[in-house]
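The structure file start20.cif is reproduced below (mmCIF, C-alpha atoms).
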```
data_query
loop_
_atom_site.label_atom_id
_atom_site.label_comp_id
_atom_site.auth_asym_id
_atom_site.auth_seq_id
_atom_site.Cartn_x
_atom_site.Cartn_y
_atom_site.Cartn_z
CA MET H 1 26.11 -10.43 -51.05
CA LYS H 2 25.80 -6.98 -49.59
CA ARG H 3 28.48 -6.01 -47.08
CA PRO H 4 27.37 -4.45 -43.79
CA ALA H 5 27.39 -0.68 -44.04
CA CYS H 6 29.64 -0.27 -41.01
CA LYS H 7 31.77 -2.40 -38.74
CA PRO H 8 30.03 -4.56 -36.12
CA TRP H 9 31.35 -2.62 -33.16
CA HIS H 10 30.29 0.68 -34.73
CA GLN H 11 26.80 -0.73 -35.00
CA ALA H 12 26.88 -1.98 -31.43
CA VAL H 13 27.97 1.42 -30.12
CA LEU H 14 25.19 3.00 -32.15
CA GLY H 15 22.74 0.50 -30.68
CA LEU H 16 23.95 1.21 -27.17
CA VAL H 17 23.61 4.96 -27.66
CA LEU H 18 20.13 4.51 -29.11
CA ALA H 19 19.06 2.28 -26.21
CA ALA H 20 20.46 4.78 -23.69
CA LEU H 21 18.62 7.62 -25.43
CA LEU H 22 15.37 5.67 -25.46
CA ALA H 23 15.69 4.87 -21.78
CA LEU H 24 16.03 8.56 -20.83
CA PRO H 25 12.88 9.80 -19.07
CA ILE H 26 12.58 12.78 -21.41
CA THR H 27 12.62 10.61 -24.55
CA ARG H 28 10.26 8.12 -22.95
CA HIS H 29 7.73 10.78 -22.03
CA GLY H 30 8.05 12.34 -25.45
CA LEU H 31 7.49 9.09 -27.33
CA GLU H 32 4.78 7.89 -24.98
CA ALA H 33 2.86 11.16 -25.08
CA SER H 34 0.68 9.86 -27.87
CA MET H 35 -0.57 6.40 -28.62
CA TRP H 36 0.71 6.18 -32.19
CA SER H 37 4.26 7.27 -31.36
CA HIS H 38 4.27 4.92 -28.38
CA MET H 39 3.51 1.90 -30.56
CA LEU H 40 4.87 2.93 -33.94
CA LEU H 41 7.99 4.91 -33.02
CA GLN H 42 9.10 3.67 -29.62
CA PHE H 43 8.52 -0.04 -30.30
CA PRO H 44 10.49 -0.13 -33.61
CA LEU H 45 13.26 2.05 -32.19
CA TRP H 46 13.85 -0.36 -29.31
CA MET H 47 13.91 -3.19 -31.85
CA LEU H 48 16.37 -1.25 -33.98
CA ALA H 49 18.64 -0.78 -30.96
CA GLY H 50 18.49 -4.54 -30.34
CA ALA H 51 19.26 -5.32 -33.98
CA LEU H 52 22.28 -2.98 -33.92
CA LEU H 53 23.57 -4.48 -30.68
CA ALA H 54 23.27 -7.99 -32.14
CA ALA H 55 26.05 -7.11 -34.56
CA ALA H 56 28.62 -7.33 -31.77
CA LEU H 57 27.48 -10.61 -30.24
CA PRO H 58 30.55 -12.75 -29.47
CA PRO H 59 30.76 -15.82 -31.75
CA ARG H 60 30.26 -18.24 -28.86
CA LEU H 61 26.96 -16.64 -27.83
CA ARG H 62 25.92 -16.45 -31.46
CA ARG H 63 26.57 -20.19 -31.84
CA ALA H 64 24.71 -20.94 -28.63
CA ILE H 65 21.67 -19.03 -29.88
CA ALA H 66 21.89 -20.64 -33.29
CA SER H 67 21.97 -24.10 -31.72
CA CYS H 68 18.34 -23.75 -30.64
CA ASN H 69 17.25 -21.46 -33.45
CA ALA H 70 17.03 -23.77 -36.49
CA HIS H 71 15.85 -21.82 -39.54
CA GLY H 72 15.38 -18.84 -37.23
CA ILE H 73 12.15 -20.36 -35.94
CA THR H 74 12.70 -19.66 -32.23
CA GLY H 75 13.70 -16.08 -32.94
CA LEU H 76 10.66 -15.42 -35.11
CA VAL H 77 8.40 -17.04 -32.50
CA TRP H 78 9.82 -14.66 -29.90
CA VAL H 79 9.22 -11.65 -32.14
CA GLY H 80 5.69 -12.82 -32.96
CA VAL H 81 4.82 -13.50 -29.32
CA VAL H 82 6.25 -10.21 -28.08
CA LEU H 83 4.52 -8.12 -30.73
CA SER H 84 1.19 -9.92 -30.21
CA VAL H 85 1.28 -9.44 -26.45
CA LEU H 86 2.32 -5.80 -26.80
CA MET H 87 -0.67 -5.08 -29.05
CA VAL H 88 -3.03 -5.71 -26.12
CA PRO H 89 -4.29 -2.19 -25.33
CA ARG H 90 -3.81 -2.69 -21.61
CA VAL H 91 -0.04 -2.88 -22.04
CA LEU H 92 0.15 0.73 -23.19
CA ASP H 93 -1.67 2.01 -20.11
CA LEU H 94 0.18 -0.30 -17.76
CA ALA H 95 3.59 0.63 -19.18
CA LEU H 96 2.86 4.28 -18.39
CA ARG H 97 2.24 3.72 -14.69
CA ASP H 98 4.16 0.56 -13.83
CA ALA H 99 7.96 0.74 -14.11
CA ALA H 100 8.33 -3.06 -14.06
CA VAL H 101 6.00 -3.48 -17.02
CA GLU H 102 7.80 -0.69 -18.85
CA ALA H 103 11.18 -2.34 -18.27
CA ALA H 104 9.86 -5.74 -19.36
CA LYS H 105 8.32 -4.19 -22.46
CA CYS H 106 11.53 -2.43 -23.51
CA SER H 107 13.81 -5.40 -22.88
CA ALA H 108 11.45 -7.74 -24.72
CA LEU H 109 11.53 -5.40 -27.71
CA LEU H 110 15.31 -5.06 -27.55
CA LEU H 111 15.68 -8.83 -27.59
CA ALA H 112 13.07 -9.12 -30.34
CA GLY H 113 15.10 -6.74 -32.52
CA ALA H 114 18.28 -8.72 -31.95
CA LEU H 115 16.60 -12.07 -32.59
CA LEU H 116 14.83 -10.77 -35.69
CA ARG H 117 18.18 -9.85 -37.18
CA LEU H 118 19.73 -13.21 -36.27
CA SER H 119 16.74 -15.18 -37.55
CA TRP H 120 15.52 -13.37 -40.65
CA ARG H 121 18.01 -14.73 -43.19
CA PRO H 122 18.14 -18.30 -41.81
CA ALA H 123 14.34 -18.38 -41.98
CA GLY H 124 14.27 -18.27 -45.79
CA LEU H 125 11.38 -17.08 -47.91
CA VAL H 126 8.85 -19.72 -46.86
CA LEU H 127 9.17 -19.14 -43.12
CA GLN H 128 9.40 -15.38 -43.63
CA GLY H 129 6.15 -15.57 -45.57
CA PHE H 130 4.56 -17.64 -42.83
CA PHE H 131 5.73 -15.20 -40.14
CA LEU H 132 4.49 -12.14 -42.01
CA GLY H 133 1.31 -14.00 -42.92
CA MET H 134 0.52 -14.22 -39.21
CA LEU H 135 1.82 -10.87 -38.03
CA LEU H 136 0.56 -8.51 -40.74
CA PRO H 137 -3.10 -9.68 -40.71
CA MET H 138 -2.98 -9.32 -36.93
CA MET H 139 -1.78 -5.73 -37.33
CA VAL H 140 -4.65 -5.07 -39.74
CA VAL H 141 -7.24 -6.60 -37.40
CA VAL H 142 -5.94 -4.70 -34.38
CA GLY H 143 -5.77 -1.52 -36.46
CA GLN H 144 -9.37 -1.96 -37.57
CA LEU H 145 -10.42 -2.55 -33.97
CA TYR H 146 -8.70 0.66 -32.92
CA ILE H 147 -10.45 2.56 -35.72
CA ASP H 148 -13.89 1.06 -35.09
CA SER H 149 -13.99 1.17 -31.30
CA PRO H 150 -16.34 3.94 -30.16
CA LEU H 151 -14.70 3.72 -26.74
CA ARG H 152 -11.21 4.63 -25.73
CA LEU H 153 -9.21 1.43 -25.32
CA CYS H 154 -6.47 3.21 -23.38
CA ASN H 155 -7.37 5.50 -20.52
CA ALA H 156 -4.23 7.55 -21.03
CA TYR H 157 -4.83 8.41 -24.68
CA LEU H 158 -7.36 10.39 -26.67
CA LEU H 159 -9.90 8.77 -28.98
CA ASP H 160 -8.52 10.61 -32.05
CA ASP H 161 -5.11 9.24 -31.25
CA GLN H 162 -6.46 5.69 -31.23
CA VAL H 163 -8.03 6.10 -34.70
CA HIS H 164 -4.77 7.59 -35.93
CA LEU H 165 -2.84 4.57 -34.64
CA GLY H 166 -5.31 2.16 -36.23
CA ARG H 167 -4.87 3.76 -39.66
CA TRP H 168 -1.08 3.70 -39.30
CA LEU H 169 -1.10 0.04 -38.29
CA ILE H 170 -3.09 -0.93 -41.38
CA GLY H 171 -0.97 1.28 -43.65
CA LEU H 172 2.28 -0.12 -42.27
CA ALA H 173 1.06 -3.70 -42.61
CA ALA H 174 0.34 -2.99 -46.29
CA VAL H 175 3.76 -1.39 -46.80
CA PHE H 176 5.54 -4.34 -45.14
CA ALA H 177 3.59 -6.82 -47.24
CA LEU H 178 4.38 -5.00 -50.48
CA ALA H 179 8.03 -4.54 -49.58
CA TRP H 180 8.42 -8.21 -48.78
CA LEU H 181 6.64 -9.28 -51.98
CA ALA H 182 8.92 -6.97 -53.96
CA HIS H 183 11.90 -8.56 -52.22
CA VAL H 184 10.62 -12.05 -53.08
CA GLY H 185 10.08 -11.02 -56.70
CA TRP H 186 13.58 -9.61 -56.89
CA ARG H 187 15.07 -12.78 -55.42
CA LEU H 188 13.19 -14.94 -57.94
CA VAL H 189 14.34 -12.81 -60.84
CA ARG H 190 17.93 -12.99 -59.62
CA ARG H 191 17.72 -16.76 -59.28
CA GLU H 192 16.38 -17.13 -62.80
CA GLU H 193 19.13 -14.89 -64.12
CA THR H 194 21.84 -17.03 -62.55
CA GLN H 195 20.18 -20.20 -63.83
CA LEU H 196 19.88 -18.85 -67.37
CA ALA H 197 23.31 -17.28 -67.47
CA PRO H 198 25.75 -19.12 -69.76
CA PRO H 199 28.34 -21.04 -67.75
CA MET A 1 19.06 -28.76 -33.20
CA LEU A 2 15.54 -29.02 -34.59
CA LEU A 3 14.34 -30.66 -31.40
CA ARG A 4 15.88 -27.92 -29.29
CA THR A 5 14.34 -25.30 -31.57
CA ALA A 6 10.93 -26.93 -31.27
CA LEU A 7 11.28 -27.12 -27.50
CA ALA A 8 12.39 -23.49 -27.19
CA SER A 9 9.57 -22.33 -29.47
CA VAL A 10 6.94 -24.22 -27.49
CA LEU A 11 8.32 -22.75 -24.26
CA LEU A 12 8.18 -19.25 -25.73
CA LEU A 13 4.62 -19.77 -26.91
CA LEU A 14 3.62 -21.00 -23.46
CA GLY A 15 5.39 -18.02 -21.89
CA GLY A 16 3.60 -15.65 -24.23
CA TRP A 17 0.29 -17.28 -23.44
CA ALA A 18 0.98 -16.97 -19.71
CA ALA A 19 1.96 -13.31 -20.08
CA ALA A 20 -1.16 -12.54 -22.10
CA SER A 21 -3.29 -14.41 -19.59
CA TRP A 22 -1.78 -12.47 -16.69
CA LEU A 23 -2.20 -9.21 -18.56
CA THR A 24 -5.86 -9.77 -19.42
CA TYR A 25 -6.98 -11.50 -16.20
CA GLY A 26 -7.42 -14.81 -17.98
CA PHE A 27 -8.50 -13.18 -21.24
CA GLN A 28 -11.37 -11.32 -19.59
CA ALA A 29 -10.14 -7.73 -19.83
CA TRP A 30 -8.19 -6.38 -22.79
CA THR A 31 -8.19 -2.77 -21.70
CA ASP A 32 -6.91 -1.18 -18.52
CA GLU A 33 -10.42 0.08 -17.85
CA GLY A 34 -11.79 -3.47 -18.01
CA ALA A 35 -9.03 -4.66 -15.70
CA ARG A 36 -9.75 -1.82 -13.26
CA ARG A 37 -13.45 -2.78 -13.10
CA LEU A 38 -12.57 -6.42 -12.44
CA GLU A 39 -10.06 -5.46 -9.76
CA VAL A 40 -12.57 -3.23 -7.99
CA ALA A 41 -15.24 -5.93 -8.06
CA LEU A 42 -12.77 -8.35 -6.47
CA HIS A 43 -11.11 -5.92 -4.06
CA PRO A 44 -13.15 -2.84 -3.11
CA VAL A 45 -11.21 0.41 -2.88
CA THR A 46 -11.59 2.59 0.19
CA ALA A 47 -12.17 6.27 -0.52
CA PRO A 48 -9.20 8.31 0.74
CA PRO A 49 -9.93 10.69 3.65
CA ILE A 50 -9.82 13.89 1.63
CA THR A 51 -11.79 17.08 2.04
CA VAL A 52 -14.56 17.87 -0.41
CA GLN A 53 -16.52 21.06 -0.76
CA GLY A 54 -19.78 21.88 -2.50
CA PRO A 55 -22.71 24.25 -2.31
CA GLY A 56 -23.45 24.44 1.42
CA LEU A 57 -21.26 21.56 2.48
CA THR A 58 -17.66 20.92 3.43
CA GLY A 59 -16.36 17.70 4.92
CA SER A 60 -14.43 14.53 4.41
CA LEU A 61 -15.39 12.32 1.49
CA PRO A 62 -15.78 9.07 3.50
CA ALA A 63 -18.07 10.91 5.96
CA LEU A 64 -20.17 12.23 3.11
CA LEU A 65 -20.43 8.77 1.55
CA GLY A 66 -21.46 7.22 4.88
CA GLU A 67 -23.83 10.01 5.85
CA ASP A 68 -27.18 8.32 5.45
CA GLY A 69 -25.82 4.83 5.95
CA GLY A 70 -26.69 4.21 2.35
CA VAL A 71 -25.18 3.60 -1.03
CA THR A 72 -23.82 6.31 -3.31
CA ILE A 73 -23.42 6.35 -7.06
CA VAL A 74 -20.54 8.67 -7.90
CA ASP A 75 -19.46 10.17 -11.17
CA PHE A 76 -16.65 12.52 -12.09
CA ILE A 77 -17.45 15.67 -14.04
CA TYR A 78 -16.28 19.16 -14.85
CA THR A 79 -18.84 21.84 -15.43
CA HIS A 80 -17.31 23.14 -18.65
CA CYS A 81 -17.76 19.76 -20.27
CA GLU A 82 -19.68 19.57 -23.51
CA THR A 83 -19.43 15.88 -24.38
CA VAL A 84 -19.33 12.88 -22.13
CA CYS A 85 -20.40 14.76 -19.01
CA LEU A 86 -23.63 15.70 -20.73
CA THR A 87 -24.30 12.00 -21.12
CA LEU A 88 -23.38 11.51 -17.49
CA GLY A 89 -25.62 14.41 -16.55
CA SER A 90 -28.59 12.93 -18.34
CA SER A 91 -28.01 9.43 -16.93
CA PHE A 92 -27.79 10.92 -13.45
CA GLN A 93 -31.00 12.82 -14.19
CA GLN A 94 -32.67 9.53 -15.05
CA LEU A 95 -31.28 7.91 -11.91
CA GLN A 96 -32.63 10.82 -9.89
CA ALA A 97 -36.03 10.41 -11.52
CA ALA A 98 -35.99 6.72 -10.61
CA LEU A 99 -35.08 7.60 -7.02
CA GLN A 100 -37.87 10.15 -6.84
CA ALA A 101 -40.29 7.54 -8.14
CA ASP A 102 -39.15 5.21 -5.35
CA LEU A 103 -39.66 7.94 -2.77
CA ALA A 104 -43.08 8.79 -4.17
CA ALA A 105 -43.98 5.11 -3.88
CA GLY A 106 -43.21 5.41 -0.18
CA HIS A 107 -39.89 3.70 0.31
CA ASP A 108 -36.56 5.41 0.80
CA THR A 109 -33.95 3.25 -0.89
CA LYS A 110 -31.08 5.02 0.89
CA LEU A 111 -29.41 5.61 -2.42
CA ARG A 112 -27.77 8.94 -3.20
CA LEU A 113 -25.99 10.50 -6.14
CA LEU A 114 -22.74 12.43 -5.94
CA SER A 115 -20.97 14.25 -8.73
CA ILE A 116 -17.33 15.08 -8.03
CA SER A 117 -15.59 17.68 -10.16
CA PHE A 118 -12.00 17.04 -11.21
CA ASP A 119 -11.62 20.65 -12.30
CA GLY A 120 -11.28 21.95 -8.74
CA ALA A 121 -9.70 25.22 -9.88
CA ARG A 122 -12.68 26.39 -11.94
CA ASP A 123 -15.57 24.52 -10.31
CA ASP A 124 -16.04 26.48 -7.10
CA PRO A 125 -19.25 25.97 -5.10
CA THR A 126 -20.98 28.77 -7.04
CA ALA A 127 -20.21 27.15 -10.39
CA LEU A 128 -21.33 23.78 -9.05
CA GLN A 129 -24.54 25.31 -7.73
CA ALA A 130 -25.34 26.81 -11.12
CA TYR A 131 -24.51 23.53 -12.85
CA ALA A 132 -26.71 21.57 -10.43
CA GLN A 133 -29.61 23.93 -11.02
CA GLY A 134 -29.16 23.58 -14.76
CA LEU A 135 -29.57 19.83 -14.38
CA ARG A 136 -32.52 20.26 -11.99
CA ALA A 137 -30.69 18.30 -9.32
CA ASP A 138 -32.54 17.76 -6.04
CA PRO A 139 -29.96 18.64 -3.34
CA ALA A 140 -31.39 15.99 -1.04
CA LEU A 141 -30.66 13.24 -3.56
CA TRP A 142 -27.90 14.50 -5.80
CA ARG A 143 -24.98 16.57 -4.58
CA PHE A 144 -22.05 18.23 -6.27
CA VAL A 145 -18.60 18.68 -4.76
CA ARG A 146 -15.08 19.55 -5.74
CA VAL A 147 -11.76 18.72 -4.09
CA PRO A 148 -10.28 22.13 -3.25
CA ASP A 149 -6.76 20.83 -2.61
CA VAL A 150 -4.89 19.97 -5.82
CA GLY A 151 -2.75 17.29 -4.18
CA GLU A 152 -5.77 15.63 -2.59
CA GLN A 153 -7.61 15.73 -5.89
CA GLN A 154 -4.72 13.90 -7.60
CA ALA A 155 -4.64 11.37 -4.77
CA LEU A 156 -8.38 10.73 -5.13
CA LEU A 157 -8.20 10.27 -8.91
CA ARG A 158 -5.24 7.94 -8.56
CA ALA A 159 -6.86 5.88 -5.81
CA LEU A 160 -10.04 5.42 -7.81
CA GLY A 161 -8.27 4.89 -11.14
CA VAL A 162 -9.86 7.89 -12.81
CA VAL A 163 -7.62 9.10 -15.64
CA VAL A 164 -8.17 12.64 -16.90
CA ILE A 165 -6.29 13.93 -19.94
CA PRO A 166 -6.57 17.37 -21.50
CA ASP A 167 -7.50 17.09 -25.19
CA GLY A 168 -5.60 20.24 -26.13
CA ARG A 169 -8.77 22.17 -26.95
CA GLY A 170 -9.52 23.22 -23.39
CA ASP A 171 -11.60 20.12 -22.67
CA TYR A 172 -10.77 16.84 -20.99
CA GLU A 173 -11.24 13.23 -21.91
CA HIS A 174 -11.75 10.89 -18.99
CA ASN A 175 -12.86 7.34 -18.33
CA ALA A 176 -16.38 8.28 -17.36
CA ALA A 177 -18.27 5.62 -15.46
CA LEU A 178 -20.71 5.07 -12.62
CA LEU A 179 -18.79 4.30 -9.43
CA LEU A 180 -20.73 2.54 -6.72
CA PHE A 181 -19.79 3.19 -3.08
CA ASP A 182 -21.18 1.35 -0.09
CA SER A 183 -21.98 3.00 3.25
CA ARG A 184 -18.47 2.31 4.53
CA GLY A 185 -17.07 4.52 1.79
CA ARG A 186 -15.69 1.66 -0.27
CA MET A 187 -15.91 1.68 -4.06
CA VAL A 188 -17.38 -1.77 -4.68
CA ARG A 189 -18.29 -1.75 -8.36
CA ILE A 190 -17.75 0.29 -11.51
CA PHE A 191 -20.45 0.31 -14.15
CA ASP A 192 -20.30 1.53 -17.69
CA LEU A 193 -22.43 4.52 -18.61
CA ALA A 194 -24.47 2.18 -20.80
CA GLU A 195 -25.22 -0.03 -17.78
CA GLN A 196 -27.16 2.63 -15.94
CA GLN A 197 -30.17 0.42 -15.20
CA LEU A 198 -27.93 -2.38 -13.99
CA ALA A 199 -26.04 0.06 -11.77
CA PHE A 200 -29.30 1.35 -10.32
CA ASN A 201 -30.68 -2.12 -9.61
CA TYR A 202 -27.41 -3.24 -8.09
CA ALA A 203 -27.17 -0.11 -5.94
CA ARG A 204 -30.77 -0.44 -4.78
CA HIS A 205 -30.20 -4.06 -3.89
CA LEU A 206 -27.04 -3.15 -2.00
CA ALA A 207 -28.80 -0.29 -0.20
CA ARG A 208 -31.62 -2.52 1.00
CA GLY A 209 -29.01 -5.03 2.06
CA PRO A 210 -29.31 -7.22 5.15
CA ARG A 211 -31.28 -5.19 7.62
#
```

Just give me the structure of the file as structure tokens.
Amino acid sequence: MKRPACKPWHQAVLGLVLAALLALPITRHGLEASMWSHMLLQFPLWMLAGALLAAALPPRLRRAIASCNAHGITGLVWVGVVLSVLMVPRVLDLALRDAAVEAAKCSALLLAGALLRLSWRPAGLVLQGFFLGMLLPMMVVVGQLYIDSPLRLCNAYLLDDQVHLGRWLIGLAAVFALAWLAHVGWRLVRREETQLAPP
Amino acid sequence: MLLRTALASVLLLLGGWAAASWLTYGFQAWTDEGARRLEVALHPVTAPPITVQGPGLTGSLPALLGEDGGVTIVDFIYTHCETVCLTLGSSFQQLQAALQADLAAGHDTKLRLLSISFDGARDDPTALQAYAQGLRADPALWRFVRVPDVGEQQALLRALGVVVIPDGRGDYEHNAALLLFDSRGRMVRIFDLAEQQLAFNYARHLARGPR
């Protein structure tokens, strides 16, 4: 198995720095200035910060989480729920003018990143496929809605921006799907190799 | 462990459902604009006491709205607009025509039109006058004002939930709509531009009101 690229506490420090940077008003305004960077840069970056921080979770907490996260199901449910709720167009507008909503949004994403990391491997290929099978079609549908809507769905963003975001959502869903299928293919090939290898 | 996982997952799903339900007013409004229209219908918004100025008139907005003891349909415009405001202009022209037809038929519906500019710096009374003439506005029925004070203009837009964003090409995009005010200066309903007839009927009904 692959070894982590750097030590857990290095990752956690990196995650902490990233989270602090993202929380700065100047970064927030920059990322939230357009609709696509709000959803497709800021959201994943908060999740990345969470995933990095998860590296330094103390073993006791890790065990406590694992005890109600069989096969990573709870974690993936959290990620799915958070991402679905955050795709409601109203969230983007509300996050811009309501600090409580913004804080809830960012912490939910941070936790989603951490839980995704803790849950992805335990989930195995079948559950991963199920999870992506729900999430990616939803991204495509939402993306298509953003492209097709003749009206602005967010008061704070331009119509062009919305179309832009829609195209990116569909493109990213396709990339994720292909990457995961490639990963599955690679795993299957590896398994066959080990089965066929002479003892 | 599986039981606890199942329990936690169900709780999360319920929590997500509750959050989505709160966010969308029970799955009625997916956009902030939809939510704003619902909120206004449930809780009317009082117009802030700011000063407005137009061709031949200066005064407070609530006073202007309550002037004839009638109902006012308000829209937000800027005179340099080439896109959505032209639509607004033409729907206001049709509303004015409907009002004139009412008057010609002999009954005053006590319904007035008011266009408020959110480009107070450029839209001085002269510019508004020229714009009004271009649209053949009848000053008795349809008036044009700006908010001269920048701070007051921001306060008005915020209070009424009007969001204006520059599009980077010298124009603005804004959530254009027909805002309905009663004689007490309260915004009671917001109608979509496409619901012009509905807005007119509703306003006329409200203006007749209990006598």

Radius query 12 Å about (-31.6, 16.0, -2.0), atoms used: all atoms listed in the file, as a list in words: Asp68, Gln96, Ala97, Leu99, Gln100, Leu103, Lys110, Leu111, Arg112, Leu113, Leu114, Ala132, Arg136, Ala137, Asp138, Pro139, Ala140, Leu141, Trp142, Arg143 and Phe144 of chain A

Counting all atoms listed in the file, chain A residues within 6 Å of chain H, as a list of chain:residue names: A:Met1, A:Leu2, A:Arg4, A:Thr5, A:Ser9, A:Gly16, A:Ala20, A:Trp30, A:Thr31, A:Asp32

Distance in Å - atom CA of Ser107 of chain H versus atom CA of Ala64 of chain H: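 Atom-to-atom, atom CA of Ser107 of chain H and atom CA of Ala64 of chain H are spaced 19.8 Å apart.
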
Resolved residues for the PyMOL selection byres ((chain A and resi 205) around 12) as a ChimeraX atom specification: /A:70-71,109-111,180,182,198-204,206-211

Distance criterion (all atoms listed in the file): nearest to Ala19 of chain H out of H:Lys7, H:Ser149, H:Pro58, H:Leu109: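 Nearest candidate to Ala19 of chain H out of H:Lys7, H:Ser149, H:Pro58, H:Leu109: H:Leu109.
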
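Straight-line separation from atom CA of Leu172 of chain H to atom CA of Tyr146 of chain H: 14.4 Å.
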
Near-segment 173-176 of chain A list (9 Å; only C-alpha atoms; drop same-chain fewer than 2 positions) as an MDAnalysis selection string: (chainID H and resid 152 155:159) or (chainID A and resid 33 75:77 83:85 88 161:167 171 178 192:193)

Write to file, as a compact mmCIF listing (two decimals), keeping the file's coordinate frame, the residues of the selection just made, with C-alpha atoms.
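Result file selection31.txt:
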```
# COMPACT_ATOMS: atom_id res chain seq x y z
CA ARG H 152 -11.21 4.63 -25.73
CA ASN H 155 -7.37 5.50 -20.52
CA ALA H 156 -4.23 7.55 -21.03
CA TYR H 157 -4.83 8.41 -24.68
CA LEU H 158 -7.36 10.39 -26.67
CA LEU H 159 -9.90 8.77 -28.98
CA GLU A 33 -10.42 0.08 -17.85
CA ASP A 75 -19.46 10.17 -11.17
CA PHE A 76 -16.65 12.52 -12.09
CA ILE A 77 -17.45 15.67 -14.04
CA THR A 83 -19.43 15.88 -24.38
CA VAL A 84 -19.33 12.88 -22.13
CA CYS A 85 -20.40 14.76 -19.01
CA LEU A 88 -23.38 11.51 -17.49
CA GLY A 161 -8.27 4.89 -11.14
CA VAL A 162 -9.86 7.89 -12.81
CA VAL A 163 -7.62 9.10 -15.64
CA VAL A 164 -8.17 12.64 -16.90
CA ILE A 165 -6.29 13.93 -19.94
CA PRO A 166 -6.57 17.37 -21.50
CA ASP A 167 -7.50 17.09 -25.19
CA ASP A 171 -11.60 20.12 -22.67
CA LEU A 178 -20.71 5.07 -12.62
CA ASP A 192 -20.30 1.53 -17.69
CA LEU A 193 -22.43 4.52 -18.61
```

Nearest to Ala108 of chain H, chosen from H:Ala95, H:Met139, H:Met47, H:Leu127, with all atoms listed in the file counted in the distances: H:Met47

Selection dump of the PyMOL selection byres ((chain A and resi 57) around 12), as a short mmCIF file (atom, residue, chain, number, x, y, z; two decimals) with C-alpha atoms, in the frame of the given file:
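Saved as selection29.cif:
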```cif
data_model
loop_
_atom_site.label_atom_id
_atom_site.label_comp_id
_atom_site.auth_asym_id
_atom_site.auth_seq_id
_atom_site.Cartn_x
_atom_site.Cartn_y
_atom_site.Cartn_z
CA THR A 51 -11.79 17.08 2.04
CA VAL A 52 -14.56 17.87 -0.41
CA GLN A 53 -16.52 21.06 -0.76
CA GLY A 54 -19.78 21.88 -2.50
CA PRO A 55 -22.71 24.25 -2.31
CA GLY A 56 -23.45 24.44 1.42
CA THR A 58 -17.66 20.92 3.43
CA GLY A 59 -16.36 17.70 4.92
CA SER A 60 -14.43 14.53 4.41
CA LEU A 61 -15.39 12.32 1.49
CA ALA A 63 -18.07 10.91 5.96
CA LEU A 64 -20.17 12.23 3.11
CA ASP A 124 -16.04 26.48 -7.10
CA PRO A 125 -19.25 25.97 -5.10
CA THR A 126 -20.98 28.77 -7.04
CA LEU A 128 -21.33 23.78 -9.05
CA GLN A 129 -24.54 25.31 -7.73
CA PRO A 139 -29.96 18.64 -3.34
CA ARG A 143 -24.98 16.57 -4.58
CA PHE A 144 -22.05 18.23 -6.27
CA VAL A 145 -18.60 18.68 -4.76
CA ARG A 146 -15.08 19.55 -5.74
CA VAL A 147 -11.76 18.72 -4.09
#
```
